[in-house]
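Engineer: One structure follows; several queries about it will come next.
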Amino acid sequence: MIKDMTKGSPMKLILGFSIPLLFGFLFQQFYSMVDTVIVGRFLGKENLAAVGATGAVNFLIIGFCMGVCSGFSIPISHKFGAGDYSGLRKVVANCIWLTVAFAVVMTVLTTSLCRPILVVMKTPANILDAAYSYIWMIFLGIPVTFLYNMTSGVIRALGDSKTPVIFLVMSSFINIGLDLFFIVNLQWGVQGAAWATVISQGISGLCCLLFMIRKFEILRIRRDEWAPNRHLMGSLCGMGIPMGLQYSITAIGSVILQSATNTLGSDAVAAVTAAGRIGGFLACPFDAMGSTMATYGGQNVGAGKLDRIGQGLKSCIFLGAGYSVIALCISIFFGRPLATLFLDASEMAIINNVRFFMIITTSFYFPLALVNIIRFMIQGVGFPTFAILAGVFEMLARALAGFVLVPAIGFTGSCLGSPIAWVFADAFLIPAYFHVKKVLQKRIGENS
């Protein structure tokens, strides 16, 4: 169902839009976590470490794909907010042309280069082959990553956050079943987990595409609207590439930090992997808030309603602060039991490190909330360059942790990498938001 976010209570709209998104992100993390649980339980801690060793480079590439699709959806929300449905269809058509091109180029490049990248990242020799087997298959599935993120992004830009979640939940259960079948029955090792992820995401992407074609009358593109338009493609790339680079620049810091962690041995990598999977699950509300702010901001700036943007931002920050306290409590009281989902109870040293990592990171979840809420709001109202600059601050902070803190204080340095990055990003984003607000007020005042 299409939802107009330019009218009504901001808090009610944000909750109504973000809760379905939250379930989507939770299920996305759920089947990612189940991958890791099955690998850790059935294939052992070395294979768990192998999957974890690919996490940063996975985020570097897949994050770029997701960011590009998120950026493509912003002009769609602007056209929808302005009521320009013919322009909306032209934007969607050009999104499709660009998505196909990006998918082909990214797949060829990444599958060719992933092994040298793992070697440069100092991946431990005992897990290198398994790590390569896993990440090569994930990169081969880049086209279905683009398919799901592009189609779900279009649907959300029109105010429907529920439908992509329904398909994602369905594919999550398919993913779990395929995990067990490929790993336990067929004994395909870590590549079986990658196959399961790619196939299940492909199914959810196809479902979103069919739904989009059949249910949205305003998306039924006419023949003349399919024509490639250089101006629209330039505008889409101007939104999509900066958002993709924002993820990738951030991930460069993660690659540096991961490389430093790899030097601590496979046990440290296994602990960071397990803690990272749990942390990804706990951080899902912030992902939902961020995506909500992008759509909310995009529709309201398209409608010229700047007062609602500030109201929505305050409401979302309040929600983020409350949840940050809950996440810290979960880490303190349930950190060890959650770690045993991935590891045998006898691995007490690794389990304690997982809990330690969780407590440090969740202590800084309010800065993470601000990063997601403010950054996506800024992107949604049409200023993607600021997202790149925020990513640069995150990259520098993680690089600092990788080059200085990990060599100096070991595992604790790995734990501090992301918290420092969030604080650095906020130091840039908060002043940037007030600058963006002034620019928008001036722009709308000149046009009125």
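Letters A, B, ... mark the chains of the structure tokens in the order given; residue numbers begin at 1 per chain; ligand numbers begin at 1, in order shown.
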Using only C-alpha atoms, which residues sit within 10 Å of Lys314 in chain A once same-chain residues fewer than 4 positions away are excluded, as a PDB file with C-alpha atoms, in the first residue's frame?
Structural biologist:
ATOM      1  CA  PRO A  10       5.458  12.333  12.389  1.00  0.00           C
ATOM      2  CA  MET A  11       5.892   9.936  15.340  1.00  0.00           C
ATOM      3  CA  ILE A 309      11.498  17.235   8.678  1.00  0.00           C
ATOM      4  CA  GLY A 310      12.704  18.651  12.012  1.00  0.00           C
ATOM      5  CA  PHE A 318      13.933   9.920  20.958  1.00  0.00           C
ATOM      6  CA  LEU A 319      13.191   6.369  19.801  1.00  0.00           C
ATOM      7  CA  GLY A 320      16.894   5.728  19.156  1.00  0.00           C
ATOM      8  CA  ILE A 373      19.058   8.856  11.632  1.00  0.00           C
TER       9      ILE A 373
END
Engineer: Any idea what's packed within 7 Å of Ala103 in chain A, counting only C-alpha atoms, ignoring anything in its chain fewer than 6 positions away? Could you give it as a ChimeraX atom specification?
Structural biologist: /A:142-143,146
Engineer: With a distance cut-off of 12 Å and only C-alpha atoms, select the neighbouring residues of Ile117 in chain A, excluding the residue or stretch itself and same-chain residues fewer than 3 positions from it, and output the selection as a PyMOL selection string.
Structural biologist: chain A and resi 53-54+56-58+60-61+109-114+120-123+128+131-132+135-136+252+255-256+259
Engineer: Selected residues, N, CA and C atoms, written as a tab-separated table (two decimals), in the first residue's frame, please.
Structural biologist:
chain	number	residue	atom	x	y	z
A	53	ALA	N	36.16	-13.66	8.34
A	53	ALA	CA	37.29	-12.96	7.72
A	53	ALA	C	36.88	-12.24	6.45
A	54	THR	N	35.75	-12.66	5.86
A	54	THR	CA	35.26	-12.01	4.63
A	54	THR	C	34.31	-10.86	4.94
A	56	ALA	N	34.42	-7.80	6.24
A	56	ALA	CA	34.72	-6.42	5.87
A	56	ALA	C	34.69	-6.22	4.36
A	57	VAL	N	35.31	-7.15	3.61
A	57	VAL	CA	35.31	-7.00	2.15
A	57	VAL	C	33.89	-7.25	1.60
A	58	ASN	N	33.14	-8.10	2.27
A	58	ASN	CA	31.74	-8.31	1.89
A	58	ASN	C	30.96	-7.00	2.04
A	60	LEU	N	32.25	-4.04	2.05
A	60	LEU	CA	32.82	-3.09	1.10
A	60	LEU	C	32.09	-3.16	-0.24
A	61	ILE	N	31.84	-4.37	-0.73
A	61	ILE	CA	31.25	-4.55	-2.06
A	61	ILE	C	29.73	-4.57	-2.00
A	109	LEU	N	34.28	-7.71	-11.84
A	109	LEU	CA	35.44	-7.20	-11.10
A	109	LEU	C	35.68	-7.96	-9.80
A	110	THR	N	34.61	-8.16	-9.03
A	110	THR	CA	34.80	-8.72	-7.70
A	110	THR	C	35.15	-10.21	-7.71
A	111	THR	N	34.54	-10.97	-8.61
A	111	THR	CA	34.88	-12.40	-8.67
A	111	THR	C	36.31	-12.61	-9.14
A	112	SER	N	36.84	-11.65	-9.91
A	112	SER	CA	38.22	-11.76	-10.40
A	112	SER	C	39.24	-11.40	-9.33
A	113	LEU	N	38.87	-10.51	-8.42
A	113	LEU	CA	39.85	-9.93	-7.51
A	113	LEU	C	39.73	-10.39	-6.06
A	114	CYS	N	38.70	-11.20	-5.72
A	114	CYS	CA	38.45	-11.45	-4.30
A	114	CYS	C	39.58	-12.21	-3.61
A	120	VAL	N	45.89	-9.83	0.65
A	120	VAL	CA	46.36	-8.51	1.10
A	120	VAL	C	45.86	-8.22	2.51
A	121	MET	N	44.65	-8.73	2.85
A	121	MET	CA	44.07	-8.50	4.18
A	121	MET	C	44.69	-9.40	5.26
A	122	LYS	N	45.72	-10.16	4.89
A	122	LYS	CA	46.44	-11.03	5.85
A	122	LYS	C	45.52	-12.08	6.48
A	123	THR	N	44.61	-12.61	5.67
A	123	THR	CA	43.73	-13.67	6.14
A	123	THR	C	44.58	-14.86	6.56
A	128	LEU	N	42.17	-19.41	4.65
A	128	LEU	CA	42.14	-18.64	3.40
A	128	LEU	C	41.28	-19.30	2.34
A	131	ALA	N	37.59	-19.10	3.16
A	131	ALA	CA	37.12	-17.72	3.03
A	131	ALA	C	36.91	-17.37	1.56
A	132	TYR	N	37.84	-17.77	0.71
A	132	TYR	CA	37.71	-17.50	-0.73
A	132	TYR	C	36.50	-18.22	-1.32
A	135	ILE	N	33.28	-16.19	-0.18
A	135	ILE	CA	33.05	-14.84	-0.69
A	135	ILE	C	32.94	-14.82	-2.21
A	136	TRP	N	33.61	-15.75	-2.91
A	136	TRP	CA	33.48	-15.81	-4.37
A	136	TRP	C	32.04	-16.08	-4.77
A	252	ILE	N	36.23	0.61	3.90
A	252	ILE	CA	37.69	0.59	3.80
A	252	ILE	C	38.31	0.60	5.19
A	255	VAL	N	37.92	-2.82	6.52
A	255	VAL	CA	38.92	-3.74	5.96
A	255	VAL	C	40.25	-3.59	6.70
A	256	ILE	N	40.66	-2.35	6.96
A	256	ILE	CA	41.90	-2.12	7.70
A	256	ILE	C	41.81	-2.71	9.10
A	259	SER	N	41.87	-6.47	8.89
A	259	SER	CA	43.23	-6.94	8.62
A	259	SER	C	44.06	-6.96	9.89
Engineer: Smallest atom-to-atom distance to Ser418 in chain A: which of A:Leu257, A:Met5, A:Ile351, A:Leu343, using only C-alpha atoms?
Structural biologist: A:Leu257
Engineer: Taking a cut-off of 12 Å and counting only C-alpha atoms, can you build a table that, for each residue of range 29-137 of chain A near range 287-300 of chain A, reports the nearest atom pair and how far apart they are in Å (one decimal), sorted by chain then residue number, as JSON lines?
Structural biologist:
{"residue": "A:Gln29", "atom": "CA", "partner": "A:Asp287", "partner_atom": "CA", "distance": 11.1}
{"residue": "A:Met66", "atom": "CA", "partner": "A:Ser291", "partner_atom": "CA", "distance": 11.7}
{"residue": "A:Gly67", "atom": "CA", "partner": "A:Ser291", "partner_atom": "CA", "distance": 11.1}
{"residue": "A:Ser70", "atom": "CA", "partner": "A:Ser291", "partner_atom": "CA", "distance": 8.6}
{"residue": "A:Gly71", "atom": "CA", "partner": "A:Ala294", "partner_atom": "CA", "distance": 9.4}
{"residue": "A:Phe72", "atom": "CA", "partner": "A:Ala294", "partner_atom": "CA", "distance": 11.6}
{"residue": "A:Ser73", "atom": "CA", "partner": "A:Thr295", "partner_atom": "CA", "distance": 8.6}
{"residue": "A:Ile74", "atom": "CA", "partner": "A:Gly298", "partner_atom": "CA", "distance": 6.2}
{"residue": "A:Pro75", "atom": "CA", "partner": "A:Gly298", "partner_atom": "CA", "distance": 7.8}
{"residue": "A:Ile76", "atom": "CA", "partner": "A:Gly298", "partner_atom": "CA", "distance": 8.6}
{"residue": "A:Ser77", "atom": "CA", "partner": "A:Gln299", "partner_atom": "CA", "distance": 5.4}
{"residue": "A:His78", "atom": "CA", "partner": "A:Gly298", "partner_atom": "CA", "distance": 5.4}
{"residue": "A:Lys79", "atom": "CA", "partner": "A:Gln299", "partner_atom": "CA", "distance": 8.1}
{"residue": "A:Phe80", "atom": "CA", "partner": "A:Gln299", "partner_atom": "CA", "distance": 6.9}
{"residue": "A:Gly81", "atom": "CA", "partner": "A:Gln299", "partner_atom": "CA", "distance": 4.4}
{"residue": "A:Ala82", "atom": "CA", "partner": "A:Gln299", "partner_atom": "CA", "distance": 7.7}
{"residue": "A:Gly83", "atom": "CA", "partner": "A:Gln299", "partner_atom": "CA", "distance": 9.9}
{"residue": "A:Asp84", "atom": "CA", "partner": "A:Gln299", "partner_atom": "CA", "distance": 11.9}
Engineer: Leaving out Val269 in chain A and any residue of its chain fewer than 3 positions from it, which residues lie within 10 Å of it when counting only C-alpha atoms, given as a list of chain:residue names?
Structural biologist: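 My reading of the contact set: A:Lys45, A:Glu46, A:Leu48, A:Ala49, A:Ala50, A:Val51, A:Gly52, A:Ala53, A:Thr123, A:Pro124, A:Gln258, A:Ser259, A:Thr261, A:Asn262, A:Thr263, A:Leu264, A:Gly265, A:Ser266, A:Val272, A:Thr273, A:Ala274, A:Ala275, A:Ile350, A:Phe411, A:Ser414.
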Engineer: How would the residues just chosen look if you wrote them out with N, CA and C atoms as a PDB file, in the first residue's frame?
Structural biologist:
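Okay, out-v9.pdb is ready:
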ATOM      1  N   LYS A  45      35.085 -23.895  14.479  1.00  0.00           N
ATOM      2  CA  LYS A  45      35.449 -22.494  14.682  1.00  0.00           C
ATOM      3  C   LYS A  45      36.332 -21.950  13.561  1.00  0.00           C
ATOM      4  N   GLU A  46      37.120 -22.813  12.879  1.00  0.00           N
ATOM      5  CA  GLU A  46      37.958 -22.312  11.790  1.00  0.00           C
ATOM      6  C   GLU A  46      37.109 -21.860  10.609  1.00  0.00           C
ATOM      7  N   LEU A  48      34.009 -20.916  10.909  1.00  0.00           N
ATOM      8  CA  LEU A  48      33.342 -19.715  11.417  1.00  0.00           C
ATOM      9  C   LEU A  48      34.240 -18.498  11.210  1.00  0.00           C
ATOM     10  N   ALA A  49      35.514 -18.660  11.522  1.00  0.00           N
ATOM     11  CA  ALA A  49      36.471 -17.572  11.322  1.00  0.00           C
ATOM     12  C   ALA A  49      36.622 -17.239   9.841  1.00  0.00           C
ATOM     13  N   ALA A  50      36.546 -18.263   8.974  1.00  0.00           N
ATOM     14  CA  ALA A  50      36.675 -18.037   7.526  1.00  0.00           C
ATOM     15  C   ALA A  50      35.559 -17.147   7.005  1.00  0.00           C
ATOM     16  N   VAL A  51      34.334 -17.428   7.445  1.00  0.00           N
ATOM     17  CA  VAL A  51      33.208 -16.584   7.044  1.00  0.00           C
ATOM     18  C   VAL A  51      33.393 -15.177   7.609  1.00  0.00           C
ATOM     19  N   GLY A  52      33.823 -15.083   8.863  1.00  0.00           N
ATOM     20  CA  GLY A  52      34.021 -13.778   9.485  1.00  0.00           C
ATOM     21  C   GLY A  52      35.121 -12.973   8.839  1.00  0.00           C
ATOM     22  N   ALA A  53      36.159 -13.656   8.344  1.00  0.00           N
ATOM     23  CA  ALA A  53      37.285 -12.956   7.722  1.00  0.00           C
ATOM     24  C   ALA A  53      36.882 -12.243   6.446  1.00  0.00           C
ATOM     25  N   THR A 123      44.606 -12.606   5.666  1.00  0.00           N
ATOM     26  CA  THR A 123      43.729 -13.670   6.140  1.00  0.00           C
ATOM     27  C   THR A 123      44.580 -14.857   6.563  1.00  0.00           C
ATOM     28  N   PRO A 124      44.394 -15.389   7.788  1.00  0.00           N
ATOM     29  CA  PRO A 124      45.219 -16.529   8.242  1.00  0.00           C
ATOM     30  C   PRO A 124      45.213 -17.672   7.242  1.00  0.00           C
ATOM     31  N   GLN A 258      39.738  -5.108  10.070  1.00  0.00           N
ATOM     32  CA  GLN A 258      39.680  -6.566   9.957  1.00  0.00           C
ATOM     33  C   GLN A 258      41.071  -7.145   9.725  1.00  0.00           C
ATOM     34  N   SER A 259      41.867  -6.473   8.886  1.00  0.00           N
ATOM     35  CA  SER A 259      43.228  -6.940   8.617  1.00  0.00           C
ATOM     36  C   SER A 259      44.057  -6.961   9.893  1.00  0.00           C
ATOM     37  N   THR A 261      42.814  -7.234  12.946  1.00  0.00           N
ATOM     38  CA  THR A 261      42.262  -8.308  13.782  1.00  0.00           C
ATOM     39  C   THR A 261      42.762  -9.664  13.319  1.00  0.00           C
ATOM     40  N   ASN A 262      42.904  -9.841  11.998  1.00  0.00           N
ATOM     41  CA  ASN A 262      43.390 -11.123  11.462  1.00  0.00           C
ATOM     42  C   ASN A 262      44.756 -11.488  12.016  1.00  0.00           C
ATOM     43  N   THR A 263      45.572 -10.482  12.332  1.00  0.00           N
ATOM     44  CA  THR A 263      46.910 -10.761  12.862  1.00  0.00           C
ATOM     45  C   THR A 263      46.863 -11.322  14.276  1.00  0.00           C
ATOM     46  N   LEU A 264      45.687 -11.206  14.934  1.00  0.00           N
ATOM     47  CA  LEU A 264      45.550 -11.723  16.299  1.00  0.00           C
ATOM     48  C   LEU A 264      45.239 -13.220  16.319  1.00  0.00           C
ATOM     49  N   GLY A 265      44.998 -13.814  15.129  1.00  0.00           N
ATOM     50  CA  GLY A 265      44.739 -15.250  15.055  1.00  0.00           C
ATOM     51  C   GLY A 265      43.272 -15.571  14.830  1.00  0.00           C
ATOM     52  N   SER A 266      43.003 -16.841  14.473  1.00  0.00           N
ATOM     53  CA  SER A 266      41.647 -17.254  14.100  1.00  0.00           C
ATOM     54  C   SER A 266      40.679 -17.228  15.279  1.00  0.00           C
ATOM     55  N   VAL A 272      35.195 -11.957  17.006  1.00  0.00           N
ATOM     56  CA  VAL A 272      34.670 -10.765  16.343  1.00  0.00           C
ATOM     57  C   VAL A 272      33.524 -11.140  15.406  1.00  0.00           C
ATOM     58  N   THR A 273      33.641 -12.297  14.754  1.00  0.00           N
ATOM     59  CA  THR A 273      32.576 -12.751  13.845  1.00  0.00           C
ATOM     60  C   THR A 273      31.275 -12.981  14.601  1.00  0.00           C
ATOM     61  N   ALA A 274      31.344 -13.729  15.696  1.00  0.00           N
ATOM     62  CA  ALA A 274      30.138 -14.015  16.478  1.00  0.00           C
ATOM     63  C   ALA A 274      29.550 -12.739  17.062  1.00  0.00           C
ATOM     64  N   ALA A 275      30.410 -11.889  17.632  1.00  0.00           N
ATOM     65  CA  ALA A 275      29.920 -10.633  18.210  1.00  0.00           C
ATOM     66  C   ALA A 275      29.341  -9.725  17.138  1.00  0.00           C
ATOM     67  N   ILE A 350      36.901 -17.514  24.071  1.00  0.00           N
ATOM     68  CA  ILE A 350      36.284 -16.836  22.929  1.00  0.00           C
ATOM     69  C   ILE A 350      34.923 -16.273  23.327  1.00  0.00           C
ATOM     70  N   PHE A 411      43.002  -7.152  21.301  1.00  0.00           N
ATOM     71  CA  PHE A 411      41.584  -7.368  21.035  1.00  0.00           C
ATOM     72  C   PHE A 411      40.716  -6.172  21.447  1.00  0.00           C
ATOM     73  N   SER A 414      40.279  -3.806  18.671  1.00  0.00           N
ATOM     74  CA  SER A 414      39.268  -4.229  17.694  1.00  0.00           C
ATOM     75  C   SER A 414      37.871  -3.847  18.170  1.00  0.00           C
TER      76      SER A 414
END
Engineer: Of the residues A:Trp195, A:Phe181, A:Tyr433, A:Phe102, which is the one nearest to Met150 in chain A, using only C-alpha atoms?
Structural biologist: A:Phe102
Engineer: With a distance cut-off of 10 Å and only C-alpha atoms, select the neighbouring residues of Phe23 in chain A, excluding the residue or stretch itself and same-chain residues fewer than 2 positions from it, and output the selection as a list of chain:residue names.
Structural biologist: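 What passes the distance filter is A:Ser18, A:Ile19, A:Pro20, A:Leu21, A:Phe25, A:Leu26, A:Phe27, A:Gln28, A:Gln29, A:Phe30, A:Lys162, A:Val165, A:Ile166, A:Leu168, A:Val169, A:Cys284, A:Pro285, A:Ala288.
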